[in-house]
Structures are given as structure tokens and as C-alpha cells.
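Enquirer: Next comes work_37.txt, compact mmCIF, N, CA and C atoms:
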```txt
# COMPACT_ATOMS: atom_id res chain seq x y z
N TYR A 97 -119.29 155.55 2.08
CA TYR A 97 -119.63 156.73 2.85
C TYR A 97 -120.98 157.31 2.46
N GLU A 98 -121.49 156.87 1.31
CA GLU A 98 -122.82 157.32 0.90
C GLU A 98 -123.87 156.94 1.93
N ARG A 99 -123.74 155.75 2.52
CA ARG A 99 -124.71 155.32 3.54
C ARG A 99 -124.62 156.19 4.78
N ILE A 100 -123.42 156.58 5.16
CA ILE A 100 -123.24 157.46 6.33
C ILE A 100 -123.93 158.79 6.06
N ALA A 101 -123.72 159.36 4.87
CA ALA A 101 -124.36 160.64 4.54
C ALA A 101 -125.88 160.50 4.52
N PHE A 102 -126.38 159.41 3.97
CA PHE A 102 -127.83 159.19 3.94
C PHE A 102 -128.39 159.11 5.36
N VAL A 103 -127.73 158.35 6.22
CA VAL A 103 -128.21 158.20 7.60
C VAL A 103 -128.18 159.54 8.32
N ALA A 104 -127.14 160.33 8.12
CA ALA A 104 -127.06 161.65 8.74
C ALA A 104 -128.23 162.53 8.29
N ALA A 105 -128.49 162.55 6.99
CA ALA A 105 -129.61 163.35 6.48
C ALA A 105 -130.94 162.86 7.04
N ALA A 106 -131.12 161.56 7.11
CA ALA A 106 -132.37 161.00 7.64
C ALA A 106 -132.52 161.31 9.12
N LEU A 107 -131.44 161.24 9.86
CA LEU A 107 -131.47 161.51 11.29
C LEU A 107 -131.91 162.94 11.60
N PHE A 108 -131.42 163.87 10.80
CA PHE A 108 -131.73 165.29 11.01
C PHE A 108 -132.87 165.78 10.13
N ASP A 109 -133.33 164.93 9.21
CA ASP A 109 -134.34 165.32 8.24
C ASP A 109 -133.90 166.56 7.46
N THR A 110 -132.65 166.52 6.99
CA THR A 110 -132.11 167.62 6.19
C THR A 110 -131.98 167.19 4.73
N PRO A 111 -132.03 168.14 3.82
CA PRO A 111 -131.90 167.79 2.41
C PRO A 111 -130.47 167.47 1.98
N ILE A 112 -129.48 167.86 2.80
CA ILE A 112 -128.08 167.68 2.42
C ILE A 112 -127.29 167.13 3.60
N ALA A 113 -126.42 166.17 3.30
CA ALA A 113 -125.45 165.67 4.28
C ALA A 113 -124.22 165.23 3.50
N THR A 114 -123.05 165.46 4.07
CA THR A 114 -121.83 165.06 3.39
C THR A 114 -120.84 164.41 4.36
N VAL A 115 -119.97 163.63 3.79
CA VAL A 115 -118.77 163.16 4.47
C VAL A 115 -117.63 163.88 3.74
N SER A 116 -116.99 164.81 4.45
CA SER A 116 -116.00 165.69 3.83
C SER A 116 -114.62 165.40 4.39
N LEU A 117 -113.64 165.32 3.52
CA LEU A 117 -112.25 165.17 3.92
C LEU A 117 -111.50 166.44 3.53
N VAL A 118 -110.90 167.08 4.50
CA VAL A 118 -110.25 168.37 4.29
C VAL A 118 -108.79 168.16 3.93
N GLU A 119 -108.42 168.68 2.78
CA GLU A 119 -107.03 168.65 2.33
C GLU A 119 -106.53 170.09 2.29
N GLN A 120 -105.26 170.26 1.99
CA GLN A 120 -104.68 171.61 2.02
C GLN A 120 -105.36 172.56 1.04
N HIS A 121 -105.66 172.08 -0.18
CA HIS A 121 -106.17 172.98 -1.21
C HIS A 121 -107.60 172.70 -1.64
N ARG A 122 -108.26 171.77 -0.93
CA ARG A 122 -109.64 171.47 -1.29
C ARG A 122 -110.32 170.71 -0.15
N VAL A 123 -111.62 170.67 -0.24
CA VAL A 123 -112.42 169.81 0.63
C VAL A 123 -113.05 168.79 -0.31
N TRP A 124 -112.67 167.53 -0.13
CA TRP A 124 -113.16 166.45 -0.98
C TRP A 124 -114.38 165.84 -0.31
N LEU A 125 -115.46 165.70 -1.08
CA LEU A 125 -116.68 165.11 -0.57
C LEU A 125 -116.67 163.62 -0.90
N ALA A 126 -116.34 162.81 0.10
CA ALA A 126 -116.32 161.37 -0.09
C ALA A 126 -117.74 160.86 -0.32
N ALA A 127 -118.72 161.59 0.20
CA ALA A 127 -120.14 161.31 -0.04
C ALA A 127 -120.88 162.63 0.04
N ALA A 128 -121.89 162.76 -0.79
CA ALA A 128 -122.64 164.02 -0.83
C ALA A 128 -124.11 163.74 -1.09
N TYR A 129 -124.87 163.44 -0.05
CA TYR A 129 -126.31 163.23 -0.19
C TYR A 129 -126.97 164.59 -0.42
N GLY A 130 -127.75 164.69 -1.50
CA GLY A 130 -128.45 165.93 -1.81
C GLY A 130 -127.65 166.91 -2.64
N LEU A 131 -126.41 166.57 -2.97
CA LEU A 131 -125.56 167.38 -3.85
C LEU A 131 -124.97 166.45 -4.91
N PRO A 132 -125.79 166.02 -5.86
CA PRO A 132 -125.36 164.95 -6.78
C PRO A 132 -124.17 165.28 -7.67
N ASP A 133 -123.95 166.54 -7.99
CA ASP A 133 -122.89 166.87 -8.94
C ASP A 133 -121.68 167.53 -8.29
N VAL A 134 -121.62 167.55 -6.97
CA VAL A 134 -120.52 168.20 -6.27
C VAL A 134 -119.63 167.14 -5.63
N ARG A 135 -118.33 167.19 -5.93
CA ARG A 135 -117.39 166.24 -5.35
C ARG A 135 -116.27 166.92 -4.58
N GLU A 136 -116.08 168.20 -4.83
CA GLU A 136 -115.08 168.93 -4.05
C GLU A 136 -115.40 170.42 -4.07
N VAL A 137 -114.90 171.10 -3.04
CA VAL A 137 -115.02 172.55 -2.95
C VAL A 137 -113.67 173.08 -2.47
N GLY A 138 -113.46 174.37 -2.69
CA GLY A 138 -112.23 174.98 -2.19
C GLY A 138 -112.25 175.06 -0.67
N PRO A 139 -111.09 175.20 -0.07
CA PRO A 139 -111.01 175.20 1.39
C PRO A 139 -111.44 176.50 2.06
N GLU A 140 -111.63 177.55 1.29
CA GLU A 140 -111.95 178.83 1.90
C GLU A 140 -113.27 179.35 1.40
N PRO A 141 -114.01 180.07 2.16
CA PRO A 141 -113.90 180.11 3.62
C PRO A 141 -114.54 178.86 4.19
N GLY A 142 -113.88 178.18 5.04
CA GLY A 142 -114.23 176.81 5.36
C GLY A 142 -115.11 176.57 6.56
N LEU A 143 -116.32 176.11 6.31
CA LEU A 143 -117.15 175.61 7.40
C LEU A 143 -116.54 174.33 7.95
N CYS A 144 -116.10 173.46 7.06
CA CYS A 144 -115.48 172.20 7.51
C CYS A 144 -114.21 172.48 8.31
N ALA A 145 -113.42 173.44 7.87
CA ALA A 145 -112.20 173.78 8.59
C ALA A 145 -112.53 174.28 9.99
N SER A 146 -113.59 175.05 10.13
CA SER A 146 -114.02 175.51 11.45
C SER A 146 -114.48 174.34 12.30
N ALA A 147 -115.19 173.42 11.68
CA ALA A 147 -115.74 172.28 12.41
C ALA A 147 -114.66 171.32 12.89
N ILE A 148 -113.64 171.06 12.07
CA ILE A 148 -112.63 170.10 12.51
C ILE A 148 -111.72 170.69 13.58
N ALA A 149 -111.74 172.00 13.73
CA ALA A 149 -110.94 172.63 14.78
C ALA A 149 -111.58 172.45 16.16
N GLN A 150 -112.84 172.03 16.20
CA GLN A 150 -113.57 171.84 17.46
C GLN A 150 -113.35 170.44 18.00
N ASP A 151 -113.46 170.32 19.31
CA ASP A 151 -113.38 168.99 19.92
C ASP A 151 -114.69 168.24 19.78
N GLY A 152 -115.79 168.96 19.82
CA GLY A 152 -117.10 168.32 19.73
C GLY A 152 -117.78 168.69 18.43
N VAL A 153 -119.09 168.50 18.42
CA VAL A 153 -119.89 168.81 17.24
C VAL A 153 -120.04 170.32 17.12
N TYR A 154 -119.82 170.82 15.92
CA TYR A 154 -119.93 172.25 15.60
C TYR A 154 -121.33 172.49 15.06
N VAL A 155 -122.06 173.43 15.67
CA VAL A 155 -123.45 173.65 15.29
C VAL A 155 -123.70 175.12 15.01
N VAL A 156 -124.37 175.38 13.90
CA VAL A 156 -124.85 176.71 13.57
C VAL A 156 -126.36 176.57 13.36
N ASN A 157 -127.14 177.11 14.29
CA ASN A 157 -128.61 176.96 14.22
C ASN A 157 -129.24 177.87 13.18
N ASN A 158 -128.71 179.09 13.04
CA ASN A 158 -129.21 180.01 12.03
C ASN A 158 -128.02 180.80 11.49
N ALA A 159 -127.50 180.36 10.38
CA ALA A 159 -126.28 180.94 9.81
C ALA A 159 -126.46 182.39 9.39
N ALA A 160 -127.70 182.81 9.12
CA ALA A 160 -127.94 184.19 8.70
C ALA A 160 -127.72 185.17 9.85
N THR A 161 -127.86 184.71 11.08
CA THR A 161 -127.69 185.59 12.23
C THR A 161 -126.47 185.25 13.07
N ASP A 162 -125.80 184.16 12.76
CA ASP A 162 -124.63 183.74 13.52
C ASP A 162 -123.41 184.54 13.04
N PRO A 163 -122.71 185.23 13.92
CA PRO A 163 -121.57 186.04 13.48
C PRO A 163 -120.43 185.22 12.87
N ARG A 164 -120.37 183.92 13.14
CA ARG A 164 -119.33 183.07 12.56
C ARG A 164 -119.58 182.80 11.09
N THR A 165 -120.83 182.93 10.65
CA THR A 165 -121.18 182.47 9.31
C THR A 165 -122.01 183.43 8.47
N HIS A 166 -122.53 184.50 9.02
CA HIS A 166 -123.51 185.31 8.28
C HIS A 166 -122.98 185.92 6.98
N GLU A 167 -121.65 186.03 6.83
CA GLU A 167 -121.08 186.56 5.58
C GLU A 167 -120.60 185.45 4.64
N HIS A 168 -120.76 184.21 5.02
CA HIS A 168 -120.26 183.08 4.23
C HIS A 168 -121.00 182.98 2.90
N PRO A 169 -120.30 182.67 1.80
CA PRO A 169 -120.95 182.56 0.48
C PRO A 169 -122.08 181.53 0.42
N LEU A 170 -121.98 180.45 1.17
CA LEU A 170 -123.06 179.46 1.16
C LEU A 170 -124.31 179.97 1.88
N VAL A 171 -124.13 180.94 2.75
CA VAL A 171 -125.25 181.54 3.48
C VAL A 171 -125.88 182.63 2.62
N ARG A 172 -125.07 183.48 2.04
CA ARG A 172 -125.56 184.61 1.24
C ARG A 172 -125.93 184.21 -0.18
N GLY A 173 -125.43 183.08 -0.64
CA GLY A 173 -125.62 182.67 -2.02
C GLY A 173 -126.87 181.85 -2.25
N GLU A 174 -126.89 181.19 -3.38
CA GLU A 174 -128.04 180.42 -3.85
C GLU A 174 -128.46 179.31 -2.90
N LEU A 175 -127.49 178.65 -2.28
CA LEU A 175 -127.83 177.56 -1.36
C LEU A 175 -128.64 178.06 -0.18
N GLY A 176 -128.36 179.27 0.30
CA GLY A 176 -129.11 179.83 1.42
C GLY A 176 -128.97 179.00 2.69
N LEU A 177 -127.77 178.51 2.97
CA LEU A 177 -127.52 177.69 4.15
C LEU A 177 -127.98 178.43 5.41
N ARG A 178 -128.73 177.74 6.24
CA ARG A 178 -129.15 178.30 7.53
C ARG A 178 -128.72 177.41 8.68
N PHE A 179 -128.88 176.10 8.54
CA PHE A 179 -128.50 175.18 9.59
C PHE A 179 -127.31 174.35 9.14
N TYR A 180 -126.35 174.20 10.03
CA TYR A 180 -125.16 173.41 9.73
C TYR A 180 -124.70 172.75 11.03
N ALA A 181 -124.53 171.45 10.98
CA ALA A 181 -123.97 170.72 12.12
C ALA A 181 -122.93 169.75 11.56
N ALA A 182 -121.77 169.71 12.20
CA ALA A 182 -120.69 168.87 11.71
C ALA A 182 -119.92 168.25 12.87
N ALA A 183 -119.66 166.96 12.74
CA ALA A 183 -118.85 166.25 13.72
C ALA A 183 -117.50 165.94 13.07
N PRO A 184 -116.41 166.23 13.77
CA PRO A 184 -115.09 165.98 13.19
C PRO A 184 -114.78 164.49 13.09
N ILE A 185 -114.13 164.12 12.00
CA ILE A 185 -113.62 162.77 11.80
C ILE A 185 -112.19 162.79 12.32
N ARG A 186 -111.93 162.05 13.40
CA ARG A 186 -110.61 162.03 14.02
C ARG A 186 -110.05 160.61 14.00
N THR A 187 -108.75 160.51 13.70
CA THR A 187 -108.10 159.20 13.77
C THR A 187 -107.82 158.88 15.23
N TYR A 188 -107.44 157.64 15.49
CA TYR A 188 -107.14 157.22 16.86
C TYR A 188 -105.97 157.99 17.45
N ASP A 189 -105.06 158.43 16.60
CA ASP A 189 -103.93 159.18 17.11
C ASP A 189 -104.14 160.69 17.07
N GLY A 190 -105.39 161.11 16.87
CA GLY A 190 -105.74 162.52 17.04
C GLY A 190 -105.78 163.39 15.81
N TYR A 191 -105.44 162.86 14.65
CA TYR A 191 -105.51 163.68 13.44
C TYR A 191 -106.96 163.93 13.06
N ARG A 192 -107.25 165.15 12.67
CA ARG A 192 -108.60 165.52 12.24
C ARG A 192 -108.60 165.56 10.72
N LEU A 193 -109.41 164.70 10.13
CA LEU A 193 -109.38 164.52 8.68
C LEU A 193 -110.50 165.23 7.94
N GLY A 194 -111.62 165.44 8.58
CA GLY A 194 -112.77 166.03 7.91
C GLY A 194 -113.96 166.01 8.83
N THR A 195 -115.15 165.96 8.21
CA THR A 195 -116.38 166.00 9.00
C THR A 195 -117.47 165.15 8.37
N VAL A 196 -118.42 164.77 9.20
CA VAL A 196 -119.73 164.32 8.73
C VAL A 196 -120.66 165.47 9.09
N ASN A 197 -121.34 166.01 8.09
CA ASN A 197 -122.15 167.19 8.37
C ASN A 197 -123.52 167.14 7.70
N VAL A 198 -124.40 167.94 8.25
CA VAL A 198 -125.76 168.07 7.71
C VAL A 198 -126.03 169.55 7.47
N ILE A 199 -126.81 169.82 6.42
CA ILE A 199 -127.06 171.19 5.99
C ILE A 199 -128.54 171.34 5.65
N ASP A 200 -129.10 172.49 6.03
CA ASP A 200 -130.49 172.79 5.66
C ASP A 200 -130.60 174.27 5.33
N SER A 201 -131.58 174.61 4.52
CA SER A 201 -131.84 176.01 4.19
C SER A 201 -132.82 176.65 5.19
N GLN A 202 -133.22 175.88 6.18
CA GLN A 202 -134.10 176.38 7.24
C GLN A 202 -133.35 176.37 8.57
N PRO A 203 -133.50 177.43 9.39
CA PRO A 203 -132.90 177.39 10.72
C PRO A 203 -133.55 176.27 11.53
N ARG A 204 -132.81 175.72 12.46
CA ARG A 204 -133.35 174.65 13.30
C ARG A 204 -132.49 174.46 14.53
N GLU A 205 -133.03 173.72 15.46
CA GLU A 205 -132.31 173.31 16.67
C GLU A 205 -132.14 171.80 16.61
N ALA A 206 -130.95 171.34 16.87
CA ALA A 206 -130.70 169.90 16.92
C ALA A 206 -130.85 169.43 18.36
N THR A 207 -131.30 168.21 18.51
CA THR A 207 -131.40 167.64 19.85
C THR A 207 -130.04 167.08 20.27
N PRO A 208 -129.81 166.98 21.57
CA PRO A 208 -128.55 166.36 22.02
C PRO A 208 -128.36 164.95 21.46
N ARG A 209 -129.45 164.21 21.35
CA ARG A 209 -129.36 162.85 20.80
C ARG A 209 -128.91 162.86 19.34
N GLN A 210 -129.43 163.80 18.55
CA GLN A 210 -129.01 163.91 17.16
C GLN A 210 -127.52 164.25 17.07
N LEU A 211 -127.07 165.18 17.91
CA LEU A 211 -125.66 165.57 17.87
C LEU A 211 -124.74 164.43 18.29
N THR A 212 -125.17 163.65 19.27
CA THR A 212 -124.40 162.47 19.68
C THR A 212 -124.36 161.46 18.55
N ALA A 213 -125.47 161.26 17.87
CA ALA A 213 -125.52 160.33 16.75
C ALA A 213 -124.59 160.80 15.62
N LEU A 214 -124.54 162.10 15.37
CA LEU A 214 -123.66 162.63 14.34
C LEU A 214 -122.19 162.36 14.70
N ALA A 215 -121.86 162.52 15.97
CA ALA A 215 -120.50 162.21 16.43
C ALA A 215 -120.19 160.73 16.24
N HIS A 216 -121.17 159.87 16.48
CA HIS A 216 -120.97 158.43 16.27
C HIS A 216 -120.78 158.11 14.79
N LEU A 217 -121.49 158.80 13.92
CA LEU A 217 -121.30 158.58 12.48
C LEU A 217 -119.89 158.99 12.05
N ALA A 218 -119.39 160.10 12.59
CA ALA A 218 -118.02 160.52 12.29
C ALA A 218 -117.02 159.49 12.80
N ALA A 219 -117.27 158.94 13.98
CA ALA A 219 -116.39 157.89 14.52
C ALA A 219 -116.44 156.64 13.66
N THR A 220 -117.60 156.35 13.08
CA THR A 220 -117.73 155.20 12.18
C THR A 220 -116.88 155.40 10.93
N VAL A 221 -116.88 156.62 10.39
CA VAL A 221 -116.03 156.92 9.23
C VAL A 221 -114.57 156.72 9.61
N SER A 222 -114.19 157.21 10.77
CA SER A 222 -112.81 157.02 11.23
C SER A 222 -112.46 155.54 11.35
N ASP A 223 -113.38 154.75 11.92
CA ASP A 223 -113.16 153.31 12.03
C ASP A 223 -112.95 152.68 10.66
N GLU A 224 -113.77 153.08 9.69
CA GLU A 224 -113.66 152.55 8.33
C GLU A 224 -112.31 152.91 7.71
N LEU A 225 -111.88 154.14 7.91
CA LEU A 225 -110.58 154.56 7.36
C LEU A 225 -109.44 153.78 8.01
N GLU A 226 -109.51 153.62 9.32
CA GLU A 226 -108.48 152.86 10.04
C GLU A 226 -108.46 151.40 9.58
N LEU A 227 -109.65 150.83 9.37
CA LEU A 227 -109.73 149.44 8.92
C LEU A 227 -109.14 149.29 7.52
N ARG A 228 -109.43 150.23 6.63
CA ARG A 228 -108.86 150.17 5.29
C ARG A 228 -107.34 150.25 5.34
N LEU A 229 -106.83 151.12 6.19
CA LEU A 229 -105.38 151.25 6.33
C LEU A 229 -104.78 149.95 6.85
N LEU A 230 -105.42 149.33 7.81
CA LEU A 230 -104.95 148.06 8.36
C LEU A 230 -104.93 146.96 7.31
N VAL A 231 -105.96 146.90 6.48
CA VAL A 231 -106.03 145.90 5.41
C VAL A 231 -104.92 146.13 4.39
N ILE A 232 -104.68 147.37 4.04
CA ILE A 232 -103.60 147.69 3.09
C ILE A 232 -102.25 147.28 3.66
N ARG A 233 -102.02 147.63 4.91
CA ARG A 233 -100.75 147.27 5.55
C ARG A 233 -100.58 145.76 5.63
N SER A 234 -101.65 145.05 5.96
CA SER A 234 -101.59 143.59 6.05
C SER A 234 -101.30 142.98 4.69
N ALA A 235 -101.94 143.47 3.65
CA ALA A 235 -101.72 142.95 2.30
C ALA A 235 -100.28 143.21 1.86
N MET A 236 -99.76 144.38 2.19
CA MET A 236 -98.37 144.69 1.82
C MET A 236 -97.39 143.78 2.58
N ALA A 237 -97.66 143.54 3.85
CA ALA A 237 -96.79 142.66 4.64
C ALA A 237 -96.83 141.24 4.09
N GLU A 238 -98.01 140.77 3.72
CA GLU A 238 -98.13 139.43 3.14
C GLU A 238 -97.37 139.35 1.82
N GLN A 239 -97.49 140.40 1.00
CA GLN A 239 -96.78 140.40 -0.28
C GLN A 239 -95.27 140.37 -0.06
N ARG A 240 -94.77 141.14 0.90
CA ARG A 240 -93.33 141.13 1.19
C ARG A 240 -92.90 139.75 1.69
N MET A 241 -93.73 139.12 2.50
CA MET A 241 -93.41 137.80 3.02
C MET A 241 -93.34 136.78 1.89
N ARG A 242 -94.26 136.84 0.96
CA ARG A 242 -94.27 135.91 -0.19
C ARG A 242 -93.04 136.14 -1.06
N GLU A 243 -92.66 137.40 -1.26
CA GLU A 243 -91.49 137.71 -2.08
C GLU A 243 -90.21 137.18 -1.40
N THR A 244 -90.17 137.20 -0.08
CA THR A 244 -89.01 136.71 0.66
C THR A 244 -88.91 135.19 0.55
N VAL A 245 -90.05 134.51 0.58
CA VAL A 245 -90.07 133.05 0.50
C VAL A 245 -89.69 132.60 -0.92
N ASN A 246 -90.09 133.30 -1.92
CA ASN A 246 -89.82 132.90 -3.31
C ASN A 246 -88.47 133.39 -3.67
```
Just give me the structure as C-alpha cells.
Expert:
Amino acid sequence: YERIAFVAAALFDTPIATVSLVEQHRVWLAAAYGLPDVREVGPEPGLCASAIAQDGVYVVNNAATDPRTHEHPLVRGELGLRFYAAAPIRTYDGYRLGTVNVIDSQPREATPRQLTALAHLAATVSDELELRLLVIRSAMAEQRMRETVN
């Protein structure tokens, strides 16, 4: 997922991009470009939680003036978050697992092409997760089959 985060950051020319998986009590960063020592954050107050609730890409052009985010600790704090765009990672059966997102300390406007690309990166993460699950299931089925034969 590090490559996905790198591509997202390069696409938007942002200093930070993450692949985040939202769990009940934490947000796990499967990849964190530009945040070398951060691997998880608490779920509240959740930008990722807001983003995965959307059907499309969630965009905040200027978090300091956006009523959804202007009081958020990442906006008011040291990070000084201003721009945030996140595409939800959804499984084929509709579960929303997390986001691929980009972050900048400068306000900005994303192009429709960039937002579409971010959605494709999130779909790529979903494909990878589904493929891993399929490989695990196949390996388990093969192991059960071998145990039955022996």
C-alpha cells in the first residue's frame, strides 16, 4: 500500500497521503507517505469516518473555513491541515473499509481527473484486499483437501 500512497501524493503533489483502514477503536494506516512515524490514530473526530460515509470522493478544499472541519484538531493543531481529499475503499459487497486520502497544509482545488484517479486508487486497494482474501481461502481449501486425502 506504500506505492498507492506514494502515487496519490504524487498525483496531487501533496506532502502527505495515506491508505487508512477504519476499525471500531482506531484508524490503522496501512501506508503513510509523509508521516513516517504514524501507524494509527484514534477514530474521533474522524475525517476518515466522514469520508467512508460518502458514496464518492470526499473533498475539503480549505479546512480552516469549511464548517465540517474548521474545529478539527488536525486543522487547528500543528499539522495545520487545509486540504483533504479521500476516496472510500469499498469491498465488492459494499462494505466500506477505509480510505485512500491526500493531505496538504495549503488550501487547494482538485481537478475532476485527480478525484477520479483517487477513486481508482481506492478501488485498487479493494482489489488487492479481495485478492488476498481469495488466496487465503484457496490455500485453506487446498490444505483441507490434502488433509482429507492423507
Enquirer: Figure out the distance between CA of Trp124 (chain A) and CA of Val231 (chain A), please, to one decimal in Å.
Expert: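 Interatomic distance here is 22.7 Å.
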Enquirer: Find, counting all atoms listed in the file, the residue in A:Pro208, A:Pro184, A:Gly190, A:Pro203 that gets nearest to Ala149 (chain A).
Expert: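 Looking only at the distances to Ala149 (chain A), the closest residue turns out to be A:Pro184.
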Enquirer: Extract the full set of helix (DSSP H, G or I) residues from region 99-240 of chain A according to DSSP on the backbone, and format it as a PyMOL selection string.
Expert: chain A and resi 99-108+143-148+169-172+208-240
Enquirer: Closest to Arg204 (chain A) among A:Val171, A:Ala159, A:Ala218, A:Leu230, using all atoms listed in the file?
Expert: A:Ala159
Enquirer: For the atom pair CA of His166 (chain A) and CA of Ala126 (chain A), what is the interatomic distance in Å to one decimal place?
Expert: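 CA of His166 (chain A) sits 26.4 Å away from CA of Ala126 (chain A).
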Enquirer: Quick one, how far is CA of Ser222 (chain A) from CA of Tyr188 (chain A)?
Expert: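 That distance, rounded to one decimal, is 8.0 Å.
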Enquirer: Counting only N, CA and C atoms, which of A:Ile232, A:Ala113, A:Leu170, A:Ala182 gets nearest to Cys144 (chain A)?
Expert: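 Counting only N, CA and C atoms, the residue closest to Cys144 (chain A) is A:Ala182.
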Enquirer: For Leu125 (chain A), please output as a PyMOL selection string all residues within 10 Å (counting only C-alpha atoms; exclusion window: fewer than 5 positions along the same chain).
Expert: chain A and resi 97+114-118+131+134-137+194-196
Enquirer: Which is closer to Leu175 (chain A) than all the others in A:Ala106, A:Ile112, A:Leu214, A:Met241, using only C-alpha atoms?
Expert: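 Once distances to Leu175 (chain A) are computed over only C-alpha atoms, the minimum belongs to A:Ile112.
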Enquirer: Using backbone DSSP assignments, extract all strand (DSSP E or B) residues from region 160-242 of chain A; output them as a ChimeraX atom specification.
Expert: /A:179-186,192-200
Enquirer: Mind checking which residues fall within 7 Å of Tyr154 (chain A), counting all atoms listed in the file, ignoring those fewer than 5 positions away in the same chain, and posting them as a PyMOL selection string?
Expert: chain A and resi 146-147+180-184
Enquirer: For each of A:Thr187, A:Glu238, A:Pro163, A:Pro111, take the minimum atom-to-atom distance to Asp200 (chain A), counting only N, CA and C atoms, then give the residue where this is smallest.
Expert: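 Using only N, CA and C atoms, Asp200 (chain A) sits closest to A:Pro111.
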Enquirer: Find, counting only C-alpha atoms, the residue in A:Thr161, A:Arg228, A:Asn197, A:Arg240 that gets nearest to Phe102 (chain A).
Expert: A:Asn197
Enquirer: Excluding Val221 (chain A) and any residue of its chain fewer than 4 positions from it, enumerate the residues within 8 Å of it, using all atoms listed in the file, and give them as a PDB file with N, CA and C atoms, in the coordinates of the input.
Expert:
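Just written: part.pdb:
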```
ATOM      1  N   TYR A  97    -119.290 155.550   2.080  1.00  0.00           N
ATOM      2  CA  TYR A  97    -119.630 156.730   2.850  1.00  0.00           C
ATOM      3  C   TYR A  97    -120.980 157.310   2.460  1.00  0.00           C
ATOM      4  N   ILE A 100    -123.420 156.580   5.160  1.00  0.00           N
ATOM      5  CA  ILE A 100    -123.240 157.460   6.330  1.00  0.00           C
ATOM      6  C   ILE A 100    -123.930 158.790   6.060  1.00  0.00           C
ATOM      7  N   ILE A 185    -114.130 164.120  12.000  1.00  0.00           N
ATOM      8  CA  ILE A 185    -113.620 162.770  11.800  1.00  0.00           C
ATOM      9  C   ILE A 185    -112.190 162.790  12.320  1.00  0.00           C
ATOM     10  N   ARG A 186    -111.930 162.050  13.400  1.00  0.00           N
ATOM     11  CA  ARG A 186    -110.610 162.030  14.020  1.00  0.00           C
ATOM     12  C   ARG A 186    -110.050 160.610  14.000  1.00  0.00           C
ATOM     13  N   ALA A 215    -121.860 162.520  15.970  1.00  0.00           N
ATOM     14  CA  ALA A 215    -120.500 162.210  16.430  1.00  0.00           C
ATOM     15  C   ALA A 215    -120.190 160.730  16.240  1.00  0.00           C
ATOM     16  N   HIS A 216    -121.170 159.870  16.480  1.00  0.00           N
ATOM     17  CA  HIS A 216    -120.970 158.430  16.270  1.00  0.00           C
ATOM     18  C   HIS A 216    -120.780 158.110  14.790  1.00  0.00           C
ATOM     19  N   LEU A 217    -121.490 158.800  13.920  1.00  0.00           N
ATOM     20  CA  LEU A 217    -121.300 158.580  12.480  1.00  0.00           C
ATOM     21  C   LEU A 217    -119.890 158.990  12.050  1.00  0.00           C
ATOM     22  N   LEU A 225    -111.880 154.140   7.910  1.00  0.00           N
ATOM     23  CA  LEU A 225    -110.580 154.560   7.360  1.00  0.00           C
ATOM     24  C   LEU A 225    -109.440 153.780   8.010  1.00  0.00           C
ATOM     25  N   GLU A 226    -109.510 153.620   9.320  1.00  0.00           N
ATOM     26  CA  GLU A 226    -108.480 152.860  10.040  1.00  0.00           C
ATOM     27  C   GLU A 226    -108.460 151.400   9.580  1.00  0.00           C
ATOM     28  N   LEU A 227    -109.650 150.830   9.370  1.00  0.00           N
ATOM     29  CA  LEU A 227    -109.730 149.440   8.920  1.00  0.00           C
ATOM     30  C   LEU A 227    -109.140 149.290   7.520  1.00  0.00           C
TER      31      LEU A 227
END
```
